[in-house]
Amino acid sequence: MKRSFHPYTRPPALPVKSKFITEQVKTFLEPPYFLSENSNKGNVYFHYTNEAGMQGIRRDNAINASNKNEHGQPAGLCRIYLTDIAPELMRQNSARYAPLIFGNAPYQSWQNKLRYCYVLNLSGLSPEKGDGEHICYLKDIPFLPIHYRLNGQLINRVIARKNVATGLVI
């Protein structure tokens with residue numbers, strides 16, 4: 001049974017992602033060039049996440065922006081953080097490469113963030129360099145759709161989704 005709302009009350013808000021896309025995000029929805037995973041021509045970047053983050057990406061069909069700065073402190077920023085360090089390097093020597101991305105986090109909390117990796121094709125986008133050598137970010141984008149339709153054609157920005165520990169594509 002449908003629930004009706006009183007004319008003076010506001011109906012529940014729709015999620016922004018399902019109904020509207022801002023003009024700024026529309027400019028980033030150009031179809032990416034399809035590259036192989038091993039050809040890094042400046043378009044292939046990696047986004048590491050934990051189990052909850054991966055479930056959120058699957059649920060929203062987008063990578064949501066973080067409000068934290070590169071050192072993990074809340075800063076009210078709207079950034080999607082990426083790196084150019086491949087999961088194969090991370091698997092070989094995570095103790096060396098993880099601090100380059102996540103900093104010297106206490107109690108090795110970076111290990112939780114290294115569970116899954118999205119290999120993304122970001123052609124058409126221009127990530128800005130961060131403070132760290134291997135950190136870059138997309139600025140002022142509330143979310144980055146990973147699958148979307150453009151003129152009726154399905155566009156996919158994900159080259160692969162990997163388990164970092166095993167190297168298997170999931």
# chains A, B, ... in the order shown; residues from 1 in each chain; ligands from 1
call {"tool": "residues_around", "arguments": {"residues": "Leu122 (chain A)", "least_positions_apart": "3", "cutoff": "8 Å", "atoms": "only C-alpha atoms", "output": "ChimeraX atom specification"}}
result
/A:32,43-45,125-126,157
call {"tool": "residues_around", "arguments": {"residues": "region 86-103 of chain A", "least_positions_apart": "6", "cutoff": "9 Å", "atoms": "only C-alpha atoms", "output": "list in words"}}
result
Tyr45, Phe46, Tyr48, Glu70, His71, Gly72, Ser109, Trp110, Gln111, Lys113, Leu114, Tyr116, Cys117, Val119, Gly132, Glu133, His134, Ile135, Lys162, Asn163, Val164, Ala165, Thr166 and Gly167 of chain A
call {"tool": "residues_around", "arguments": {"residues": "region 139-156 of chain A", "least_positions_apart": "5", "cutoff": "6 Å", "atoms": "only C-alpha atoms", "output": "list of chain:residue names"}}
result
A:Asn61, A:Ala62, A:Ile63, A:Asn64, A:Ala65, A:Cys78, A:Arg79
